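Working notes, beginning with the structure itself.
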Amino acid sequence: MNILLIQILFFCLIPIGIFILVKAIQILIKTFNGKILLEIPYLHKGGQFCVTKAGYFSVWQKGQMFKQTPIDKFKLHIYEKSTNEEIKLNSSFLRPQTNNFSTGRIEFYRFYASVGNYEIEFREGSNVSKLESLIGAMLPLQPADLSKYFIEIRQSQPQIITLLAIPMLLIGLFGAVGGLVMGLIADQIFI
């Protein structure tokens with residue numbers, strides 16, 4: 001086979017890899033930066049939000065970094081106001097998190113909601129397992145300033161799409177970098 005043709009095929013992997021890489025990054029950005037439907041201080045003990053387009057949503061906690069949050073002191077309940085039907089909250093599988101070194105956010109739940117008005121309440125209970133609560137109690141962290149601790153409801157996407165973004169990222173990176181490297185050294189390998 002002609003070496004030039006092999007090099008061209010490897011170099012063709014570069015734009016394909018870049019395209020896949022960009023799509024994976026867009027999916028991951030969407031995971032962390034969905035539109036905020038509600039941001040309420042923990043001290044308010046609840047709030048209301050409106051869903052204008054059915055879809056997937058996520059519940060995040062937001063607060064100061066390196067402070068002990070009260071996540072084990074309350075249980076979230078979300079229900080549709082007109083029917084009083086409670087929404088099933090699914091624990092976040094990978095618990096995406098982001099921070100800017102002073103405040104941080106971590107996802108705790110995901111749920112599907114149809115169009116309607118919803119209410120969120122903080123009731124007695126715990127949002128974390130007993131093991132997580134025990135580990136949290138063992139950490140020597142100061143309690144968070146509750147006036148700077150928030151719960152957010154954000155638009156999201158199905159978790160399987162987020163999980164698919166990770167291999168896409170790797171494939172795109174391998175395609176772009178591998179295509180360049182293999183294209184440059186193809187004449188030395190395929191002699």
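Convention: chains lettered A, B, ... in structure tokens order; per-chain residue numbering from 1; ligands numbered from 1 as shown.
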Using only C-alpha atoms, what table do you get, as JSON lines, when you list each residue of segment 151-176 of chain A with an atom no more than 12 Å from segment 44-59 of chain A, its nearest pair of atoms, and their distance in Å rounded to one decimal, rows by chain then rising number?
{"residue": "A:Ile151", "atom": "CA", "partner": "A:Val59", "partner_atom": "CA", "distance": 7.0}
{"residue": "A:Glu152", "atom": "CA", "partner": "A:Val59", "partner_atom": "CA", "distance": 5.7}
{"residue": "A:Ile153", "atom": "CA", "partner": "A:Val59", "partner_atom": "CA", "distance": 4.8}
{"residue": "A:Arg154", "atom": "CA", "partner": "A:Ser58", "partner_atom": "CA", "distance": 5.3}
{"residue": "A:Gln155", "atom": "CA", "partner": "A:Phe57", "partner_atom": "CA", "distance": 4.5}
{"residue": "A:Ser156", "atom": "CA", "partner": "A:Phe57", "partner_atom": "CA", "distance": 4.6}
{"residue": "A:Gln157", "atom": "CA", "partner": "A:Tyr56", "partner_atom": "CA", "distance": 5.3}
{"residue": "A:Pro158", "atom": "CA", "partner": "A:Tyr56", "partner_atom": "CA", "distance": 6.3}
{"residue": "A:Gln159", "atom": "CA", "partner": "A:Tyr56", "partner_atom": "CA", "distance": 9.1}
{"residue": "A:Ile160", "atom": "CA", "partner": "A:Tyr56", "partner_atom": "CA", "distance": 11.7}
{"residue": "A:Ile161", "atom": "CA", "partner": "A:Tyr56", "partner_atom": "CA", "distance": 11.6}
For the residues in the current selection, export N, CA, C and O atoms as a PDB file, in the first residue's frame.
ATOM      1  N   ILE A 151     -29.255  25.385  47.990  1.00  0.00           N
ATOM      2  CA  ILE A 151     -29.672  24.231  47.201  1.00  0.00           C
ATOM      3  C   ILE A 151     -30.124  24.783  45.848  1.00  0.00           C
ATOM      4  O   ILE A 151     -30.869  25.763  45.789  1.00  0.00           O
ATOM      5  N   GLU A 152     -29.665  24.154  44.779  1.00  0.00           N
ATOM      6  CA  GLU A 152     -30.003  24.587  43.420  1.00  0.00           C
ATOM      7  C   GLU A 152     -30.724  23.474  42.678  1.00  0.00           C
ATOM      8  O   GLU A 152     -30.389  22.307  42.827  1.00  0.00           O
ATOM      9  N   ILE A 153     -31.692  23.882  41.880  1.00  0.00           N
ATOM     10  CA  ILE A 153     -32.335  22.986  40.921  1.00  0.00           C
ATOM     11  C   ILE A 153     -31.884  23.472  39.554  1.00  0.00           C
ATOM     12  O   ILE A 153     -32.076  24.637  39.210  1.00  0.00           O
ATOM     13  N   ARG A 154     -31.271  22.571  38.771  1.00  0.00           N
ATOM     14  CA  ARG A 154     -30.741  22.936  37.457  1.00  0.00           C
ATOM     15  C   ARG A 154     -31.280  21.999  36.383  1.00  0.00           C
ATOM     16  O   ARG A 154     -31.555  20.833  36.662  1.00  0.00           O
ATOM     17  N   GLN A 155     -31.392  22.539  35.167  1.00  0.00           N
ATOM     18  CA  GLN A 155     -31.687  21.674  34.030  1.00  0.00           C
ATOM     19  C   GLN A 155     -30.506  20.737  33.848  1.00  0.00           C
ATOM     20  O   GLN A 155     -29.364  21.099  34.113  1.00  0.00           O
ATOM     21  N   SER A 156     -30.804  19.530  33.399  1.00  0.00           N
ATOM     22  CA  SER A 156     -29.748  18.551  33.250  1.00  0.00           C
ATOM     23  C   SER A 156     -30.000  17.724  32.000  1.00  0.00           C
ATOM     24  O   SER A 156     -30.760  18.130  31.128  1.00  0.00           O
ATOM     25  N   GLN A 157     -29.398  16.576  31.949  1.00  0.00           N
ATOM     26  CA  GLN A 157     -29.566  15.646  30.841  1.00  0.00           C
ATOM     27  C   GLN A 157     -29.531  14.241  31.420  1.00  0.00           C
ATOM     28  O   GLN A 157     -29.106  14.056  32.554  1.00  0.00           O
ATOM     29  N   PRO A 158     -29.968  13.234  30.658  1.00  0.00           N
ATOM     30  CA  PRO A 158     -29.899  11.873  31.195  1.00  0.00           C
ATOM     31  C   PRO A 158     -28.457  11.512  31.569  1.00  0.00           C
ATOM     32  O   PRO A 158     -27.514  11.887  30.883  1.00  0.00           O
ATOM     33  N   GLN A 159     -28.314  10.784  32.652  1.00  0.00           N
ATOM     34  CA  GLN A 159     -26.979  10.469  33.166  1.00  0.00           C
ATOM     35  C   GLN A 159     -26.188   9.588  32.196  1.00  0.00           C
ATOM     36  O   GLN A 159     -24.967   9.667  32.148  1.00  0.00           O
ATOM     37  N   ILE A 160     -26.865   8.789  31.394  1.00  0.00           N
ATOM     38  CA  ILE A 160     -26.165   7.930  30.441  1.00  0.00           C
ATOM     39  C   ILE A 160     -25.407   8.773  29.412  1.00  0.00           C
ATOM     40  O   ILE A 160     -24.311   8.397  28.980  1.00  0.00           O
ATOM     41  N   ILE A 161     -25.948   9.926  29.058  1.00  0.00           N
ATOM     42  CA  ILE A 161     -25.264  10.810  28.100  1.00  0.00           C
ATOM     43  C   ILE A 161     -23.980  11.339  28.721  1.00  0.00           C
ATOM     44  O   ILE A 161     -22.942  11.406  28.064  1.00  0.00           O
TER      45      ILE A 161
END
| Which of segment 58-188 of chain A fall in alpha helix (DSSP H), as a ChimeraX atom specification | /A:130-138,159-188
| task | Check the smallest atom-to-atom distance from each of A:Pro70, A:Gly17, A:Gly34, A:Gly183 to Ser126 of chain A using only C-alpha atoms, then report the winner. | result | A:Pro70
What's the 10 Å shell around Phe32 of chain A, counting only C-alpha atoms, without same-chain residues fewer than 3 positions away, as a JSON list (two decimals) with N, CA, C and O atoms, in the first residue's frame?
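What landed in selection29.json:
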[["chain", "number", "residue", "atom", "x", "y", "z"],
["A", 27, "ILE", "N", -20.92, 18.18, 25.98],
["A", 27, "ILE", "CA", -21.80, 17.37, 26.84],
["A", 27, "ILE", "C", -21.40, 17.54, 28.31],
["A", 27, "ILE", "O", -22.27, 17.70, 29.17],
["A", 28, "LEU", "N", -20.10, 17.51, 28.58],
["A", 28, "LEU", "CA", -19.65, 17.65, 29.97],
["A", 28, "LEU", "C", -19.95, 19.04, 30.52],
["A", 28, "LEU", "O", -20.33, 19.18, 31.69],
["A", 29, "ILE", "N", -19.81, 20.06, 29.69],
["A", 29, "ILE", "CA", -20.14, 21.42, 30.14],
["A", 29, "ILE", "C", -21.63, 21.51, 30.47],
["A", 29, "ILE", "O", -22.02, 22.12, 31.47],
["A", 35, "LYS", "N", -29.17, 25.39, 33.09],
["A", 35, "LYS", "CA", -29.90, 26.59, 33.52],
["A", 35, "LYS", "C", -30.45, 26.39, 34.93],
["A", 35, "LYS", "O", -31.02, 25.36, 35.26],
["A", 58, "SER", "N", -31.46, 18.36, 37.97],
["A", 58, "SER", "CA", -30.56, 17.89, 39.02],
["A", 58, "SER", "C", -30.64, 18.82, 40.23],
["A", 58, "SER", "O", -30.99, 19.99, 40.10],
["A", 60, "TRP", "N", -28.39, 20.30, 43.29],
["A", 60, "TRP", "CA", -27.00, 20.56, 43.69],
["A", 60, "TRP", "C", -26.99, 21.24, 45.05],
["A", 60, "TRP", "O", -27.90, 22.01, 45.37],
["A", 96, "PRO", "N", -21.09, 14.65, 40.10],
["A", 96, "PRO", "CA", -20.24, 15.70, 39.54],
["A", 96, "PRO", "C", -20.09, 16.85, 40.52],
["A", 96, "PRO", "O", -21.01, 17.18, 41.25],
["A", 97, "GLN", "N", -18.91, 17.45, 40.52],
["A", 97, "GLN", "CA", -18.67, 18.60, 41.40],
["A", 97, "GLN", "C", -17.76, 19.59, 40.71],
["A", 97, "GLN", "O", -16.98, 19.24, 39.84],
["A", 98, "THR", "N", -17.91, 20.83, 41.11],
["A", 98, "THR", "CA", -17.10, 21.91, 40.56],
["A", 98, "THR", "C", -16.86, 22.93, 41.66],
["A", 98, "THR", "O", -17.65, 23.04, 42.59],
["A", 105, "ARG", "N", -19.77, 23.31, 44.29],
["A", 105, "ARG", "CA", -21.08, 22.72, 44.05],
["A", 105, "ARG", "C", -20.90, 21.22, 43.86],
["A", 105, "ARG", "O", -19.93, 20.78, 43.27],
["A", 106, "ILE", "N", -21.86, 20.44, 44.35],
["A", 106, "ILE", "CA", -21.87, 19.00, 44.13],
["A", 106, "ILE", "C", -23.30, 18.56, 43.87],
["A", 106, "ILE", "O", -24.23, 19.03, 44.51],
["A", 107, "GLU", "N", -23.45, 17.69, 42.89],
["A", 107, "GLU", "CA", -24.77, 17.18, 42.53],
["A", 107, "GLU", "C", -25.12, 16.01, 43.43],
["A", 107, "GLU", "O", -24.30, 15.12, 43.65],
["A", 154, "ARG", "N", -31.27, 22.57, 38.77],
["A", 154, "ARG", "CA", -30.74, 22.94, 37.46],
["A", 154, "ARG", "C", -31.28, 22.00, 36.38],
["A", 154, "ARG", "O", -31.56, 20.83, 36.66],
["A", 155, "GLN", "N", -31.39, 22.54, 35.17],
["A", 155, "GLN", "CA", -31.69, 21.67, 34.03],
["A", 155, "GLN", "C", -30.51, 20.74, 33.85],
["A", 155, "GLN", "O", -29.36, 21.10, 34.11],
["A", 156, "SER", "N", -30.80, 19.53, 33.40],
["A", 156, "SER", "CA", -29.75, 18.55, 33.25],
["A", 156, "SER", "C", -30.00, 17.72, 32.00],
["A", 156, "SER", "O", -30.76, 18.13, 31.13]]
| field | Contact residues around segment 74-84 of chain A with only C-alpha atoms at 8 Å, ignoring same-chain residues under 6 positions, as a PyMOL selection string | value | chain A and resi 116-127
Let's have the selection written as a PDB file, in the first residue's frame, with C-alpha atoms.
ATOM      1  CA  GLY A 116     -45.825  22.166  35.981  1.00  0.00           C
ATOM      2  CA  ASN A 117     -45.237  24.031  39.217  1.00  0.00           C
ATOM      3  CA  TYR A 118     -43.158  22.304  41.866  1.00  0.00           C
ATOM      4  CA  GLU A 119     -42.305  22.820  45.496  1.00  0.00           C
ATOM      5  CA  ILE A 120     -39.193  21.694  47.336  1.00  0.00           C
ATOM      6  CA  GLU A 121     -39.120  21.190  51.089  1.00  0.00           C
ATOM      7  CA  PHE A 122     -36.363  20.377  53.561  1.00  0.00           C
ATOM      8  CA  ARG A 123     -37.677  17.915  56.149  1.00  0.00           C
ATOM      9  CA  GLU A 124     -36.049  16.012  58.966  1.00  0.00           C
ATOM     10  CA  GLY A 125     -33.824  13.180  57.806  1.00  0.00           C
ATOM     11  CA  SER A 126     -30.626  12.805  55.852  1.00  0.00           C
ATOM     12  CA  ASN A 127     -29.655  13.056  52.186  1.00  0.00           C
TER      13      ASN A 127
END
| field | Pick from A:Ile185, A:Leu146, A:Val115, A:Val22 nearest to Phe10 of chain A, counting only C-alpha atoms | value |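 Among the listed residues, A:Ile185 lies closest to Phe10 of chain A.
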| query | For the atom pair atom CA of Ile171 of chain A and atom CA of Ile20 of chain A, what is the interatomic distance in Å to one decimal place? | reply | 7.4 Å
| field | For atom CA of Asp187 of chain A and atom CA of Phe19 of chain A, the interatomic separation in Å (one decimal) | value |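 Atom CA of Asp187 of chain A sits 26.0 Å away from atom CA of Phe19 of chain A.
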| message | Between atom CA of Leu21 of chain A and atom CA of Leu170 of chain A, what is the distance in Å, rounded to a tenth? | response |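 One can read the atom CA of Leu21 of chain A to atom CA of Leu170 of chain A distance as 7.8 Å.
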| query | Taking the backbone alone, and naming residues the way the document does, which bits of segment 20-117 of chain A are strand (DSSP E or B) by DSSP, as a PyMOL selection string? | reply | chain A and resi 36-41+46-51+55-64+67-68+75-80+86+90-91+97-99+103-113+116-117
Just write the chosen residues, N, CA and C atoms, as a CSV table (one decimal), in the first residue's frame.
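Once everything was written out, this is out30.csv:
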chain,number,residue,atom,x,y,z
A,36,ILE,N,-30.3,27.4,35.8
A,36,ILE,CA,-30.8,27.3,37.2
A,36,ILE,C,-32.3,27.7,37.2
A,37,LEU,N,-33.1,26.7,37.7
A,37,LEU,CA,-34.5,27.0,37.9
A,37,LEU,C,-34.8,27.6,39.3
A,38,LEU,N,-34.0,27.2,40.2
A,38,LEU,CA,-34.2,27.7,41.6
A,38,LEU,C,-32.9,27.6,42.4
A,39,GLU,N,-32.6,28.7,43.1
A,39,GLU,CA,-31.5,28.7,44.1
A,39,GLU,C,-32.0,29.2,45.3
A,40,ILE,N,-32.1,28.4,46.4
A,40,ILE,CA,-32.6,28.8,47.7
A,40,ILE,C,-31.6,28.6,48.8
A,41,PRO,N,-31.6,29.6,49.7
A,41,PRO,CA,-30.7,29.4,50.9
A,41,PRO,C,-31.3,28.3,51.7
A,46,GLY,N,-37.3,25.7,52.0
A,46,GLY,CA,-38.1,25.3,50.9
A,46,GLY,C,-38.2,26.4,49.9
A,47,GLY,N,-38.8,26.1,48.8
A,47,GLY,CA,-39.1,27.1,47.7
A,47,GLY,C,-39.9,26.5,46.6
A,48,GLN,N,-40.2,27.3,45.6
A,48,GLN,CA,-41.0,26.8,44.4
A,48,GLN,C,-40.3,27.1,43.1
A,49,PHE,N,-40.5,26.3,42.1
A,49,PHE,CA,-40.0,26.5,40.8
A,49,PHE,C,-41.0,26.0,39.8
A,50,CYS,N,-40.8,26.5,38.6
A,50,CYS,CA,-41.7,26.1,37.5
A,50,CYS,C,-40.9,25.4,36.4
A,51,VAL,N,-41.5,24.3,35.9
A,51,VAL,CA,-40.9,23.6,34.8
A,51,VAL,C,-41.7,23.9,33.5
A,55,GLY,N,-38.3,17.4,31.2
A,55,GLY,CA,-37.0,17.0,31.0
A,55,GLY,C,-36.3,16.5,32.3
A,56,TYR,N,-35.0,16.4,32.2
A,56,TYR,CA,-34.2,15.9,33.3
A,56,TYR,C,-33.7,17.1,34.1
A,57,PHE,N,-33.6,17.0,35.4
A,57,PHE,CA,-33.2,18.1,36.3
A,57,PHE,C,-32.3,17.5,37.4
A,58,SER,N,-31.5,18.4,38.0
A,58,SER,CA,-30.6,17.9,39.0
A,58,SER,C,-30.6,18.8,40.2
A,59,VAL,N,-30.3,18.2,41.4
A,59,VAL,CA,-30.3,19.0,42.6
A,59,VAL,C,-28.9,19.1,43.1
A,60,TRP,N,-28.4,20.3,43.3
A,60,TRP,CA,-27.0,20.6,43.7
A,60,TRP,C,-27.0,21.2,45.0
A,61,GLN,N,-26.0,21.0,45.8
A,61,GLN,CA,-25.7,21.8,47.0
A,61,GLN,C,-24.5,22.7,46.7
A,62,LYS,N,-24.6,24.0,47.2
A,62,LYS,CA,-23.6,25.0,46.9
A,62,LYS,C,-23.2,25.6,48.2
A,63,GLY,N,-21.9,25.7,48.5
A,63,GLY,CA,-21.5,26.3,49.7
A,63,GLY,C,-20.0,26.6,49.7
A,64,GLN,N,-19.5,27.0,50.9
A,64,GLN,CA,-18.1,27.3,51.0
A,64,GLN,C,-17.3,26.0,51.0
A,67,LYS,N,-15.8,23.3,54.4
A,67,LYS,CA,-16.7,23.5,55.5
A,67,LYS,C,-17.6,22.4,55.6
A,68,GLN,N,-18.1,22.0,56.8
A,68,GLN,CA,-19.0,20.9,57.0
A,68,GLN,C,-20.4,21.4,56.7
A,75,LYS,N,-33.7,16.1,54.7
A,75,LYS,CA,-34.1,15.3,53.5
A,75,LYS,C,-34.9,16.1,52.6
A,76,LEU,N,-34.5,16.1,51.3
A,76,LEU,CA,-35.3,16.8,50.3
A,76,LEU,C,-36.5,16.1,49.8
A,77,HIS,N,-37.6,16.9,49.6
A,77,HIS,CA,-38.8,16.4,49.0
A,77,HIS,C,-39.3,17.4,48.0
A,78,ILE,N,-39.5,16.9,46.8
A,78,ILE,CA,-40.0,17.7,45.7
A,78,ILE,C,-41.4,17.1,45.3
A,79,TYR,N,-42.4,18.0,45.2
A,79,TYR,CA,-43.7,17.5,44.7
A,79,TYR,C,-44.3,18.5,43.8
A,80,GLU,N,-45.2,18.0,42.9
A,80,GLU,CA,-45.9,18.8,42.0
A,80,GLU,C,-47.1,19.4,42.7
A,86,GLU,N,-45.4,13.4,44.8
A,86,GLU,CA,-43.9,13.5,45.1
A,86,GLU,C,-43.1,13.0,43.9
A,90,ASN,N,-33.5,10.4,42.2
A,90,ASN,CA,-32.5,9.3,42.1
A,90,ASN,C,-31.1,9.9,42.5
A,91,SER,N,-30.4,9.1,43.3
A,91,SER,CA,-29.0,9.6,43.7
A,91,SER,C,-28.2,9.7,42.4
A,97,GLN,N,-18.9,17.4,40.5
A,97,GLN,CA,-18.7,18.6,41.4
A,97,GLN,C,-17.8,19.6,40.7
A,98,THR,N,-17.9,20.8,41.1
A,98,THR,CA,-17.1,21.9,40.6
A,98,THR,C,-16.9,22.9,41.7
A,99,ASN,N,-15.7,23.7,41.5
A,99,ASN,CA,-15.5,24.7,42.5
A,99,ASN,C,-14.6,25.8,41.9
A,103,THR,N,-16.0,28.6,46.8
A,103,THR,CA,-17.2,28.0,46.9
A,103,THR,C,-17.2,26.8,45.9
A,104,GLY,N,-18.1,25.8,46.3
A,104,GLY,CA,-18.1,24.6,45.5
A,104,GLY,C,-19.6,24.1,45.3
A,105,ARG,N,-19.8,23.3,44.3
A,105,ARG,CA,-21.1,22.7,44.1
A,105,ARG,C,-20.9,21.2,43.9
A,106,ILE,N,-21.9,20.4,44.3
A,106,ILE,CA,-21.9,19.0,44.1
A,106,ILE,C,-23.3,18.6,43.9
A,107,GLU,N,-23.4,17.7,42.9
A,107,GLU,CA,-24.8,17.2,42.5
A,107,GLU,C,-25.1,16.0,43.4
A,108,PHE,N,-26.4,16.0,43.9
A,108,PHE,CA,-26.8,14.9,44.8
A,108,PHE,C,-27.9,14.1,44.2
A,109,TYR,N,-28.8,14.7,43.5
A,109,TYR,CA,-30.0,14.0,42.9
A,109,TYR,C,-30.2,14.4,41.5
A,110,ARG,N,-30.9,13.5,40.8
A,110,ARG,CA,-31.4,13.8,39.4
A,110,ARG,C,-32.9,13.3,39.4
A,111,PHE,N,-33.7,14.0,38.6
A,111,PHE,CA,-35.1,13.5,38.5
A,111,PHE,C,-35.6,14.0,37.2
A,112,TYR,N,-36.7,13.4,36.8
A,112,TYR,CA,-37.4,13.8,35.6
A,112,TYR,C,-38.7,14.5,36.0
A,113,ALA,N,-39.0,15.6,35.4
A,113,ALA,CA,-40.2,16.3,35.7
A,113,ALA,C,-41.0,16.8,34.4
A,116,GLY,N,-45.0,21.9,34.8
A,116,GLY,CA,-45.8,22.2,36.0
A,116,GLY,C,-45.1,23.0,37.0
A,117,ASN,N,-45.8,23.3,38.1
A,117,ASN,CA,-45.2,24.0,39.2
A,117,ASN,C,-44.9,23.1,40.3
| request: Kindly indicate which residue among A:Leu169, A:Met65, A:Val128, A:Ile87 lies nearest to Ile18 of chain A, using only C-alpha atoms for the distances. | output: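 Of the candidates, the smallest distance to Ile18 of chain A is held by A:Leu169.
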| Residue with smallest distance to Thr69 of chain A - pool A:Asn2, A:Ser92, A:Gln142, A:Ser114, counting only C-alpha atoms | A:Gln142
| task | With a distance cut-off of 9 Å and only C-alpha atoms, select the neighbouring residues of segment 129-133 of chain A, excluding the residue or stretch itself and same-chain residues fewer than 4 positions from it, and output the selection as a PyMOL selection string. | result | chain A and resi 71-72+137-138
| task | Quick one: everything within 12 Å of Phe190 of chain A, counting only C-alpha atoms, minus sequence neighbours fewer than 4 positions away in the same chain. Send it as a list in words. | result |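 Here the qualifying residues turn out to be Met1, Asn2, Ile3, Leu4, Leu5, Ile6, Gln7, Met182, Gly183, Leu184, Ile185 and Ala186 of chain A.
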